[in-house]
Amino acid sequence: MSIVLIRLSAAAFCLLCCHAFPISSSQSSDEKKILTNQKSKGSIQGFGKQENLNLHTADSSQSTVNLINFLTSQNSQGISGEKKGCEIGFSNEDGMRGVYATKSFRQKDIICKIPSDCALALSTPDLGGADVPTLAHCGRNFLDMYTNHPVGSKTWAAYLNSLPLGVDSPHFSPTPDFFTDDEIEALEFPRSVNQVKQRLLEIAELCAKDDIPFDDLQFSTWLVSSRSLQIAMEGESKGPEGATSSTIKSIRVMLPYLDMINHSSDNANAEMHLIDPEKDEAWFAIRAVRPIKEGKEITISYGGGVETSPMLLHNYGFVPSQNRFDKIMLKKGGDESIENLEGWSTLLDEDEKLLNSSGLSGNMKKILQFRLQLKRSYS
């Protein structure tokens with residue numbers, strides 16, 4: 001029996017926009033090299049003297065163990081056993097949870113992979129209207145199909161129990177829709193303020209329509225926003241006089257284990273990869289984009305690697321320390337942008353002093369980091 005409630009058609013996979021998603025065949029020359037590397041014993045040669053990195057503490061919690069056991073039972077590879085290539089752990093520097101290499105990898109090596117059957121679909125391609133495009137609708141579907149579903153909640157218990165369980169979780173990083181009204185306005189950047197208000201409106205309208213507690217849908221939308229991938233699926237539609245034309249409808253999926261990999265705007269060492277999309281047994285994989293030493297954290301670029309700081313804050317709840325795409329965004333300008341430093345209510349050095357002052361809330365620190373990141377991007 002298939003473990004999914006909604007079966008994704010592997011032959012229809014084609015990445016839309018949320019992650020850079022190269023596609024390959026398991027029979028390609030690259031894949032053959034990867035399989036050869038994985039079968040070799042001992043450390044991979046070619047890296048020179050190996051550095052003894054101790055950057056993390058392995059996550060041995062029962063929820064993580066249960067998740068790995070579940071995925072391993074579904075033939076996931078690289079996350080357990082003799083061929084384990086990575087593990088979930090906590091940074092020894094800041095305590096943040098992430099995924100770390102347990103051996104060294106060459107460029108283009110596959111670090112780990114899970115079968116496409118382990119992807120949780122948040123909608124079906126034939127759902128029309130407003131159900132497909134908004135994250136609030138996908139958040140509602142996550143509640144309906146998994147969290148509150150008698151079969152779905154049992155089938156996916158190992159994954160659901162590994163997720164943050166509420167706003168008090170140490171792994172919860174609030175997106176601006178959890179900010180107060182004053183904090184939202186303090187963002188100042190028009191695009192960000194408008195996006196937050198639009199999301200709150202979408203959540204409120206769905207709650208009124210489907211009789212869902214606002215806090216439940218807001219948190220479910222956060223889970224979907226911060227962890228899901230958007231995929232385009234090709235199909236056919238009938239036009240006038242029976243004529244057919246190709247269509248693309250987007251869906252969102254959540255990928256257990258792989259969604260714990262952290263983001264790097266300018267220095268990611270891996271990427272999400274899709275193997276054999278034309279076959280029934282497709283794989284979602286993590287692939288090294290450059291050599292990775294044992295012990296190093298594995299990072300990818302969210303949003304196809306081109307997400308600006310406003311979008312990273314809006315969808316994931318964090319502000320990167322560097323992001324070259326902010327300069328491009330500000331240069332393009334537009335009605336929802338701020339053209340120059342004079343358009344802000346405070347100067348850059350004023351925000352720096354505020355950020356270093358005591359008594360700031362976590363949200364206000366994040367807001368100041370956001371404003372500083374954009375202000376520094378003008379020069």
# chains A, B, ... in the order shown; residues from 1 in each chain; ligands from 1
>>> residues_around(residues="Ser345 in chain A", least_positions_apart="3", cutoff="12 Å", atoms="only C-alpha atoms", output="list of chain:residue names")
A:Glu185, A:Ala186, A:Leu187, A:Glu188, A:Phe189, A:Ile338, A:Asn340, A:Leu341, A:Glu342, A:Leu348, A:Glu350, A:Asp351, A:Arg371, A:Lys375
>>> write_last_selection(atoms="N, CA and C atoms", output="CSV table (one decimal), in the first residue's frame")
chain,number,residue,atom,x,y,z
A,185,GLU,N,4.4,47.7,10.8
A,185,GLU,CA,4.6,49.0,10.2
A,185,GLU,C,6.1,49.4,10.3
A,186,ALA,N,6.8,48.9,11.4
A,186,ALA,CA,8.2,49.2,11.6
A,186,ALA,C,9.1,48.6,10.5
A,187,LEU,N,8.6,47.6,9.8
A,187,LEU,CA,9.3,47.1,8.6
A,187,LEU,C,9.6,48.2,7.6
A,188,GLU,N,8.6,49.0,7.4
A,188,GLU,CA,8.7,50.2,6.6
A,188,GLU,C,8.7,49.9,5.1
A,189,PHE,N,9.4,48.8,4.7
A,189,PHE,CA,9.5,48.5,3.2
A,189,PHE,C,8.1,48.2,2.7
A,338,ILE,N,11.7,51.3,-1.8
A,338,ILE,CA,12.2,52.6,-1.3
A,338,ILE,C,13.4,52.9,-2.1
A,340,ASN,N,15.9,55.1,-2.1
A,340,ASN,CA,17.2,55.5,-1.5
A,340,ASN,C,17.2,55.6,0.0
A,341,LEU,N,18.3,55.8,0.6
A,341,LEU,CA,18.4,55.9,2.1
A,341,LEU,C,17.5,57.0,2.6
A,342,GLU,N,17.3,58.1,1.8
A,342,GLU,CA,16.5,59.2,2.3
A,342,GLU,C,15.0,58.8,2.5
A,348,LEU,N,21.0,54.8,8.8
A,348,LEU,CA,21.6,53.5,9.0
A,348,LEU,C,22.2,53.4,10.4
A,350,GLU,N,21.6,55.0,13.1
A,350,GLU,CA,20.5,55.0,14.1
A,350,GLU,C,20.0,53.6,14.3
A,351,ASP,N,19.8,52.9,13.3
A,351,ASP,CA,19.3,51.5,13.4
A,351,ASP,C,20.4,50.6,14.0
A,371,ARG,N,16.0,46.0,8.2
A,371,ARG,CA,16.2,47.3,7.7
A,371,ARG,C,17.7,47.6,7.4
A,375,LYS,N,19.3,48.7,3.9
A,375,LYS,CA,20.0,50.0,3.8
A,375,LYS,C,21.5,49.8,3.3
>>> residues_around(residues="range 311-323 of chain A", least_positions_apart="3", cutoff="6 Å", atoms="only C-alpha atoms", output="list in words")
Ser173, Pro174, Thr175, Ser225, Ser226, Ser265, Thr308, Asp326 and Phe370 of chain A
>>> residues_around(residues="range 59-69 of chain A", least_positions_apart="4", cutoff="9 Å", atoms="only C-alpha atoms", output="ChimeraX atom specification")
/A:73-74,76,79-80,87-90,97,157-163,256-257
>>> closest_residue(among="A:Lys293, A:Leu223, A:Leu201, A:Gly305", to="Met272 in chain A", atoms="only C-alpha atoms")
A:Gly305
>>> select_by_dssp(residues="range 184-374 of chain A", states="alpha helix (DSSP H)", output="PDB file with N, CA and C atoms, in the first residue's frame")
ATOM      1  N   ILE A 184       4.771  45.364  12.341  1.00  0.00           N
ATOM      2  CA  ILE A 184       4.608  45.256  10.891  1.00  0.00           C
ATOM      3  C   ILE A 184       4.904  46.592  10.226  1.00  0.00           C
ATOM      4  N   GLU A 185       4.363  47.654  10.778  1.00  0.00           N
ATOM      5  CA  GLU A 185       4.608  48.976  10.213  1.00  0.00           C
ATOM      6  C   GLU A 185       6.080  49.371  10.337  1.00  0.00           C
ATOM      7  N   ALA A 186       6.754  48.863  11.373  1.00  0.00           N
ATOM      8  CA  ALA A 186       8.166  49.193  11.577  1.00  0.00           C
ATOM      9  C   ALA A 186       9.067  48.580  10.515  1.00  0.00           C
ATOM     10  N   PRO A 190       7.586  48.979   1.788  1.00  0.00           N
ATOM     11  CA  PRO A 190       6.185  48.807   1.375  1.00  0.00           C
ATOM     12  C   PRO A 190       5.842  47.399   0.913  1.00  0.00           C
ATOM     13  N   ARG A 191       6.725  46.769   0.147  1.00  0.00           N
ATOM     14  CA  ARG A 191       6.433  45.422  -0.355  1.00  0.00           C
ATOM     15  C   ARG A 191       6.233  44.445   0.788  1.00  0.00           C
ATOM     16  N   SER A 192       7.069  44.539   1.796  1.00  0.00           N
ATOM     17  CA  SER A 192       6.978  43.632   2.938  1.00  0.00           C
ATOM     18  C   SER A 192       5.713  43.881   3.742  1.00  0.00           C
ATOM     19  N   VAL A 193       5.425  45.138   4.021  1.00  0.00           N
ATOM     20  CA  VAL A 193       4.217  45.475   4.789  1.00  0.00           C
ATOM     21  C   VAL A 193       2.968  44.989   4.066  1.00  0.00           C
ATOM     22  N   ASN A 194       2.900  45.200   2.756  1.00  0.00           N
ATOM     23  CA  ASN A 194       1.727  44.783   1.977  1.00  0.00           C
ATOM     24  C   ASN A 194       1.589  43.272   1.930  1.00  0.00           C
ATOM     25  N   GLN A 195       2.710  42.558   1.816  1.00  0.00           N
ATOM     26  CA  GLN A 195       2.653  41.093   1.768  1.00  0.00           C
ATOM     27  C   GLN A 195       2.148  40.519   3.087  1.00  0.00           C
ATOM     28  N   VAL A 196       2.586  41.090   4.187  1.00  0.00           N
ATOM     29  CA  VAL A 196       2.130  40.605   5.493  1.00  0.00           C
ATOM     30  C   VAL A 196       0.630  40.821   5.646  1.00  0.00           C
ATOM     31  N   LYS A 197       0.165  41.995   5.301  1.00  0.00           N
ATOM     32  CA  LYS A 197      -1.261  42.289   5.432  1.00  0.00           C
ATOM     33  C   LYS A 197      -2.096  41.394   4.521  1.00  0.00           C
ATOM     34  N   GLN A 198      -1.586  41.098   3.326  1.00  0.00           N
ATOM     35  CA  GLN A 198      -2.304  40.230   2.408  1.00  0.00           C
ATOM     36  C   GLN A 198      -2.406  38.810   2.955  1.00  0.00           C
ATOM     37  N   ARG A 199      -1.326  38.310   3.535  1.00  0.00           N
ATOM     38  CA  ARG A 199      -1.371  36.960   4.095  1.00  0.00           C
ATOM     39  C   ARG A 199      -2.324  36.883   5.281  1.00  0.00           C
ATOM     40  N   LEU A 200      -2.290  37.879   6.149  1.00  0.00           N
ATOM     41  CA  LEU A 200      -3.206  37.882   7.289  1.00  0.00           C
ATOM     42  C   LEU A 200      -4.655  37.919   6.832  1.00  0.00           C
ATOM     43  N   LEU A 201      -4.929  38.658   5.754  1.00  0.00           N
ATOM     44  CA  LEU A 201      -6.278  38.714   5.206  1.00  0.00           C
ATOM     45  C   LEU A 201      -6.698  37.363   4.655  1.00  0.00           C
ATOM     46  N   GLU A 202      -5.794  36.696   3.933  1.00  0.00           N
ATOM     47  CA  GLU A 202      -6.111  35.378   3.374  1.00  0.00           C
ATOM     48  C   GLU A 202      -6.398  34.360   4.468  1.00  0.00           C
ATOM     49  N   ILE A 203      -5.615  34.396   5.529  1.00  0.00           N
ATOM     50  CA  ILE A 203      -5.832  33.469   6.644  1.00  0.00           C
ATOM     51  C   ILE A 203      -7.175  33.752   7.316  1.00  0.00           C
ATOM     52  N   ALA A 204      -7.459  35.022   7.554  1.00  0.00           N
ATOM     53  CA  ALA A 204      -8.717  35.392   8.218  1.00  0.00           C
ATOM     54  C   ALA A 204      -9.919  34.988   7.387  1.00  0.00           C
ATOM     55  N   GLU A 205      -9.863  35.179   6.072  1.00  0.00           N
ATOM     56  CA  GLU A 205     -10.987  34.822   5.205  1.00  0.00           C
ATOM     57  C   GLU A 205     -11.223  33.318   5.192  1.00  0.00           C
ATOM     58  N   LEU A 206     -10.154  32.533   5.162  1.00  0.00           N
ATOM     59  CA  LEU A 206     -10.324  31.074   5.187  1.00  0.00           C
ATOM     60  C   LEU A 206     -10.856  30.592   6.527  1.00  0.00           C
ATOM     61  N   CYS A 207     -10.414  31.216   7.604  1.00  0.00           N
ATOM     62  CA  CYS A 207     -10.901  30.842   8.934  1.00  0.00           C
ATOM     63  C   CYS A 207     -12.407  31.091   9.042  1.00  0.00           C
ATOM     64  N   ALA A 208     -12.856  32.228   8.517  1.00  0.00           N
ATOM     65  CA  ALA A 208     -14.280  32.549   8.554  1.00  0.00           C
ATOM     66  C   ALA A 208     -15.085  31.607   7.673  1.00  0.00           C
ATOM     67  N   LYS A 209     -14.527  31.249   6.539  1.00  0.00           N
ATOM     68  CA  LYS A 209     -15.232  30.392   5.587  1.00  0.00           C
ATOM     69  C   LYS A 209     -15.331  28.953   6.065  1.00  0.00           C
ATOM     70  N   ASP A 210     -14.228  28.408   6.611  1.00  0.00           N
ATOM     71  CA  ASP A 210     -14.162  26.990   6.961  1.00  0.00           C
ATOM     72  C   ASP A 210     -14.217  26.724   8.461  1.00  0.00           C
ATOM     73  N   PHE A 214      -8.119  30.749  14.133  1.00  0.00           N
ATOM     74  CA  PHE A 214      -7.110  31.558  13.447  1.00  0.00           C
ATOM     75  C   PHE A 214      -5.695  31.102  13.795  1.00  0.00           C
ATOM     76  N   ASP A 215      -5.432  30.843  15.077  1.00  0.00           N
ATOM     77  CA  ASP A 215      -4.076  30.449  15.485  1.00  0.00           C
ATOM     78  C   ASP A 215      -3.640  29.154  14.821  1.00  0.00           C
ATOM     79  N   ASP A 216      -4.580  28.208  14.646  1.00  0.00           N
ATOM     80  CA  ASP A 216      -4.261  26.923  14.009  1.00  0.00           C
ATOM     81  C   ASP A 216      -3.858  27.116  12.553  1.00  0.00           C
ATOM     82  N   LEU A 217      -4.638  27.893  11.826  1.00  0.00           N
ATOM     83  CA  LEU A 217      -4.342  28.089  10.412  1.00  0.00           C
ATOM     84  C   LEU A 217      -3.103  28.958  10.226  1.00  0.00           C
ATOM     85  N   GLN A 218      -2.929  29.940  11.080  1.00  0.00           N
ATOM     86  CA  GLN A 218      -1.741  30.788  10.978  1.00  0.00           C
ATOM     87  C   GLN A 218      -0.475  29.959  11.170  1.00  0.00           C
ATOM     88  N   PHE A 219      -0.464  29.071  12.149  1.00  0.00           N
ATOM     89  CA  PHE A 219       0.719  28.252  12.390  1.00  0.00           C
ATOM     90  C   PHE A 219       0.914  27.230  11.276  1.00  0.00           C
ATOM     91  N   SER A 220      -0.169  26.633  10.799  1.00  0.00           N
ATOM     92  CA  SER A 220      -0.063  25.681   9.698  1.00  0.00           C
ATOM     93  C   SER A 220       0.459  26.349   8.441  1.00  0.00           C
ATOM     94  N   THR A 221       0.022  27.585   8.187  1.00  0.00           N
ATOM     95  CA  THR A 221       0.519  28.346   7.041  1.00  0.00           C
ATOM     96  C   THR A 221       2.005  28.628   7.197  1.00  0.00           C
ATOM     97  N   TRP A 222       2.446  28.913   8.422  1.00  0.00           N
ATOM     98  CA  TRP A 222       3.871  29.116   8.668  1.00  0.00           C
ATOM     99  C   TRP A 222       4.663  27.853   8.353  1.00  0.00           C
ATOM    100  N   LEU A 223       4.160  26.694   8.780  1.00  0.00           N
ATOM    101  CA  LEU A 223       4.844  25.433   8.481  1.00  0.00           C
ATOM    102  C   LEU A 223       5.005  25.242   6.974  1.00  0.00           C
ATOM    103  N   VAL A 224       3.913  25.457   6.260  1.00  0.00           N
ATOM    104  CA  VAL A 224       3.929  25.288   4.807  1.00  0.00           C
ATOM    105  C   VAL A 224       4.859  26.302   4.151  1.00  0.00           C
ATOM    106  N   SER A 225       4.772  27.544   4.586  1.00  0.00           N
ATOM    107  CA  SER A 225       5.580  28.607   4.006  1.00  0.00           C
ATOM    108  C   SER A 225       7.066  28.344   4.197  1.00  0.00           C
ATOM    109  N   SER A 226       7.455  27.905   5.391  1.00  0.00           N
ATOM    110  CA  SER A 226       8.869  27.774   5.724  1.00  0.00           C
ATOM    111  C   SER A 226       9.469  26.441   5.287  1.00  0.00           C
ATOM    112  N   ARG A 227       8.641  25.462   4.882  1.00  0.00           N
ATOM    113  CA  ARG A 227       9.168  24.130   4.611  1.00  0.00           C
ATOM    114  C   ARG A 227       8.788  23.521   3.273  1.00  0.00           C
ATOM    115  N   SER A 309      15.917  39.468   0.600  1.00  0.00           N
ATOM    116  CA  SER A 309      15.692  39.457   2.054  1.00  0.00           C
ATOM    117  C   SER A 309      14.223  39.647   2.432  1.00  0.00           C
ATOM    118  N   PRO A 310      13.463  40.542   1.736  1.00  0.00           N
ATOM    119  CA  PRO A 310      12.034  40.633   2.063  1.00  0.00           C
ATOM    120  C   PRO A 310      11.292  39.309   1.909  1.00  0.00           C
ATOM    121  N   MET A 311      11.621  38.523   0.876  1.00  0.00           N
ATOM    122  CA  MET A 311      10.938  37.250   0.683  1.00  0.00           C
ATOM    123  C   MET A 311      11.411  36.204   1.689  1.00  0.00           C
ATOM    124  N   LEU A 312      12.689  36.207   2.032  1.00  0.00           N
ATOM    125  CA  LEU A 312      13.187  35.260   3.022  1.00  0.00           C
ATOM    126  C   LEU A 312      12.559  35.528   4.385  1.00  0.00           C
ATOM    127  N   LEU A 313      12.417  36.796   4.750  1.00  0.00           N
ATOM    128  CA  LEU A 313      11.765  37.129   6.008  1.00  0.00           C
ATOM    129  C   LEU A 313      10.285  36.773   5.951  1.00  0.00           C
ATOM    130  N   HIS A 314       9.642  37.077   4.843  1.00  0.00           N
ATOM    131  CA  HIS A 314       8.203  36.848   4.703  1.00  0.00           C
ATOM    132  C   HIS A 314       7.851  35.366   4.755  1.00  0.00           C
ATOM    133  N   ASN A 315       8.639  34.522   4.116  1.00  0.00           N
ATOM    134  CA  ASN A 315       8.295  33.102   4.002  1.00  0.00           C
ATOM    135  C   ASN A 315       9.003  32.200   5.004  1.00  0.00           C
ATOM    136  N   TYR A 316      10.189  32.624   5.487  1.00  0.00           N
ATOM    137  CA  TYR A 316      10.971  31.729   6.333  1.00  0.00           C
ATOM    138  C   TYR A 316      11.253  32.292   7.727  1.00  0.00           C
ATOM    139  N   PHE A 325      21.155  39.703  -3.878  1.00  0.00           N
ATOM    140  CA  PHE A 325      19.947  39.946  -4.665  1.00  0.00           C
ATOM    141  C   PHE A 325      19.168  41.169  -4.181  1.00  0.00           C
ATOM    142  N   ASP A 326      19.466  41.637  -2.972  1.00  0.00           N
ATOM    143  CA  ASP A 326      18.816  42.852  -2.482  1.00  0.00           C
ATOM    144  C   ASP A 326      19.217  44.060  -3.321  1.00  0.00           C
ATOM    145  N   LYS A 327      20.474  44.119  -3.726  1.00  0.00           N
ATOM    146  CA  LYS A 327      20.937  45.236  -4.555  1.00  0.00           C
ATOM    147  C   LYS A 327      20.187  45.269  -5.887  1.00  0.00           C
ATOM    148  N   ILE A 328      19.979  44.096  -6.461  1.00  0.00           N
ATOM    149  CA  ILE A 328      19.253  44.007  -7.738  1.00  0.00           C
ATOM    150  C   ILE A 328      17.819  44.470  -7.557  1.00  0.00           C
ATOM    151  N   MET A 329      17.185  44.018  -6.479  1.00  0.00           N
ATOM    152  CA  MET A 329      15.798  44.400  -6.193  1.00  0.00           C
ATOM    153  C   MET A 329      15.676  45.909  -6.017  1.00  0.00           C
ATOM    154  N   LEU A 330      16.566  46.500  -5.239  1.00  0.00           N
ATOM    155  CA  LEU A 330      16.498  47.941  -4.969  1.00  0.00           C
ATOM    156  C   LEU A 330      16.797  48.758  -6.220  1.00  0.00           C
ATOM    157  N   LYS A 331      17.661  48.241  -7.065  1.00  0.00           N
ATOM    158  CA  LYS A 331      17.979  48.946  -8.305  1.00  0.00           C
ATOM    159  C   LYS A 331      16.772  48.985  -9.239  1.00  0.00           C
ATOM    160  N   LYS A 332      15.976  47.902  -9.225  1.00  0.00           N
ATOM    161  CA  LYS A 332      14.771  47.860 -10.059  1.00  0.00           C
ATOM    162  C   LYS A 332      13.716  48.837  -9.557  1.00  0.00           C
ATOM    163  N   LEU A 348      20.967  54.815   8.830  1.00  0.00           N
ATOM    164  CA  LEU A 348      21.585  53.505   9.027  1.00  0.00           C
ATOM    165  C   LEU A 348      22.249  53.412  10.396  1.00  0.00           C
ATOM    166  N   ASP A 349      23.006  54.434  10.783  1.00  0.00           N
ATOM    167  CA  ASP A 349      23.693  54.364  12.077  1.00  0.00           C
ATOM    168  C   ASP A 349      22.721  54.422  13.254  1.00  0.00           C
ATOM    169  N   GLU A 350      21.555  55.034  13.051  1.00  0.00           N
ATOM    170  CA  GLU A 350      20.538  55.036  14.109  1.00  0.00           C
ATOM    171  C   GLU A 350      20.003  53.626  14.346  1.00  0.00           C
ATOM    172  N   ASP A 351      19.776  52.892  13.253  1.00  0.00           N
ATOM    173  CA  ASP A 351      19.313  51.510  13.401  1.00  0.00           C
ATOM    174  C   ASP A 351      20.391  50.636  14.032  1.00  0.00           C
ATOM    175  N   GLU A 352      21.649  50.887  13.709  1.00  0.00           N
ATOM    176  CA  GLU A 352      22.738  50.120  14.313  1.00  0.00           C
ATOM    177  C   GLU A 352      22.785  50.333  15.824  1.00  0.00           C
ATOM    178  N   LYS A 353      22.592  51.575  16.253  1.00  0.00           N
ATOM    179  CA  LYS A 353      22.587  51.875  17.693  1.00  0.00           C
ATOM    180  C   LYS A 353      21.389  51.215  18.378  1.00  0.00           C
ATOM    181  N   LEU A 354      20.230  51.264  17.708  1.00  0.00           N
ATOM    182  CA  LEU A 354      19.036  50.626  18.272  1.00  0.00           C
ATOM    183  C   LEU A 354      19.232  49.126  18.421  1.00  0.00           C
ATOM    184  N   LEU A 355      19.849  48.509  17.401  1.00  0.00           N
ATOM    185  CA  LEU A 355      20.053  47.061  17.431  1.00  0.00           C
ATOM    186  C   LEU A 355      20.969  46.660  18.583  1.00  0.00           C
ATOM    187  N   GLY A 362      12.574  40.058  20.445  1.00  0.00           N
ATOM    188  CA  GLY A 362      13.148  39.279  19.350  1.00  0.00           C
ATOM    189  C   GLY A 362      12.661  39.751  17.995  1.00  0.00           C
ATOM    190  N   ASN A 363      11.381  40.121  17.919  1.00  0.00           N
ATOM    191  CA  ASN A 363      10.838  40.597  16.643  1.00  0.00           C
ATOM    192  C   ASN A 363      11.479  41.917  16.238  1.00  0.00           C
ATOM    193  N   MET A 364      11.686  42.814  17.206  1.00  0.00           N
ATOM    194  CA  MET A 364      12.259  44.115  16.877  1.00  0.00           C
ATOM    195  C   MET A 364      13.709  43.977  16.444  1.00  0.00           C
ATOM    196  N   LYS A 365      14.436  43.038  17.026  1.00  0.00           N
ATOM    197  CA  LYS A 365      15.804  42.777  16.573  1.00  0.00           C
ATOM    198  C   LYS A 365      15.803  42.321  15.121  1.00  0.00           C
ATOM    199  N   LYS A 366      14.856  41.451  14.794  1.00  0.00           N
ATOM    200  CA  LYS A 366      14.752  40.949  13.425  1.00  0.00           C
ATOM    201  C   LYS A 366      14.383  42.075  12.454  1.00  0.00           C
ATOM    202  N   ILE A 367      13.507  42.954  12.884  1.00  0.00           N
ATOM    203  CA  ILE A 367      13.094  44.093  12.050  1.00  0.00           C
ATOM    204  C   ILE A 367      14.279  45.016  11.776  1.00  0.00           C
ATOM    205  N   LEU A 368      15.084  45.295  12.804  1.00  0.00           N
ATOM    206  CA  LEU A 368      16.251  46.156  12.625  1.00  0.00           C
ATOM    207  C   LEU A 368      17.299  45.487  11.739  1.00  0.00           C
ATOM    208  N   GLN A 369      17.485  44.190  11.902  1.00  0.00           N
ATOM    209  CA  GLN A 369      18.400  43.458  11.021  1.00  0.00           C
ATOM    210  C   GLN A 369      17.935  43.548   9.571  1.00  0.00           C
ATOM    211  N   PHE A 370      16.628  43.460   9.371  1.00  0.00           N
ATOM    212  CA  PHE A 370      16.047  43.560   8.034  1.00  0.00           C
ATOM    213  C   PHE A 370      16.293  44.951   7.441  1.00  0.00           C
ATOM    214  N   ARG A 371      16.004  45.982   8.209  1.00  0.00           N
ATOM    215  CA  ARG A 371      16.198  47.347   7.710  1.00  0.00           C
ATOM    216  C   ARG A 371      17.669  47.631   7.426  1.00  0.00           C
ATOM    217  N   LEU A 372      18.553  47.156   8.274  1.00  0.00           N
ATOM    218  CA  LEU A 372      19.982  47.364   8.060  1.00  0.00           C
ATOM    219  C   LEU A 372      20.477  46.631   6.821  1.00  0.00           C
ATOM    220  N   GLN A 373      19.988  45.409   6.624  1.00  0.00           N
ATOM    221  CA  GLN A 373      20.398  44.643   5.441  1.00  0.00           C
ATOM    222  C   GLN A 373      20.024  45.379   4.158  1.00  0.00           C
ATOM    223  N   LEU A 374      18.820  45.932   4.110  1.00  0.00           N
ATOM    224  CA  LEU A 374      18.404  46.657   2.914  1.00  0.00           C
ATOM    225  C   LEU A 374      19.166  47.973   2.776  1.00  0.00           C
TER     226      LEU A 374
END
>>> decode(residues="range 329-361 of chain A", atoms="C-alpha atoms", output="PDB file, in the first residue's frame")
ATOM      1  CA  MET A 329      15.798  44.400  -6.193  1.00  0.00           C
ATOM      2  CA  LEU A 330      16.498  47.941  -4.969  1.00  0.00           C
ATOM      3  CA  LYS A 331      17.979  48.946  -8.305  1.00  0.00           C
ATOM      4  CA  LYS A 332      14.771  47.860 -10.059  1.00  0.00           C
ATOM      5  CA  GLY A 333      12.745  50.031  -7.705  1.00  0.00           C
ATOM      6  CA  GLY A 334       8.981  50.195  -8.221  1.00  0.00           C
ATOM      7  CA  ASP A 335       5.983  51.407  -6.266  1.00  0.00           C
ATOM      8  CA  GLU A 336       6.557  48.881  -3.435  1.00  0.00           C
ATOM      9  CA  SER A 337      10.214  49.767  -2.976  1.00  0.00           C
ATOM     10  CA  ILE A 338      12.184  52.582  -1.303  1.00  0.00           C
ATOM     11  CA  GLU A 339      14.427  54.282  -3.829  1.00  0.00           C
ATOM     12  CA  ASN A 340      17.237  55.462  -1.550  1.00  0.00           C
ATOM     13  CA  LEU A 341      18.353  55.889   2.054  1.00  0.00           C
ATOM     14  CA  GLU A 342      16.508  59.176   2.323  1.00  0.00           C
ATOM     15  CA  GLY A 343      13.228  57.292   1.922  1.00  0.00           C
ATOM     16  CA  TRP A 344      13.588  55.600   5.319  1.00  0.00           C
ATOM     17  CA  SER A 345      12.476  57.171   8.580  1.00  0.00           C
ATOM     18  CA  THR A 346      15.801  56.466  10.316  1.00  0.00           C
ATOM     19  CA  LEU A 347      19.444  56.606   9.317  1.00  0.00           C
ATOM     20  CA  LEU A 348      21.585  53.505   9.027  1.00  0.00           C
ATOM     21  CA  ASP A 349      23.693  54.364  12.077  1.00  0.00           C
ATOM     22  CA  GLU A 350      20.538  55.036  14.109  1.00  0.00           C
ATOM     23  CA  ASP A 351      19.313  51.510  13.401  1.00  0.00           C
ATOM     24  CA  GLU A 352      22.738  50.120  14.313  1.00  0.00           C
ATOM     25  CA  LYS A 353      22.587  51.875  17.693  1.00  0.00           C
ATOM     26  CA  LEU A 354      19.036  50.626  18.272  1.00  0.00           C
ATOM     27  CA  LEU A 355      20.053  47.061  17.431  1.00  0.00           C
ATOM     28  CA  ASN A 356      22.859  47.204  20.011  1.00  0.00           C
ATOM     29  CA  SER A 357      20.622  48.644  22.724  1.00  0.00           C
ATOM     30  CA  SER A 358      19.152  46.540  25.510  1.00  0.00           C
ATOM     31  CA  GLY A 359      15.545  45.566  26.063  1.00  0.00           C
ATOM     32  CA  LEU A 360      14.629  44.856  22.452  1.00  0.00           C
ATOM     33  CA  SER A 361      12.122  42.097  21.659  1.00  0.00           C
TER      34      SER A 361
END
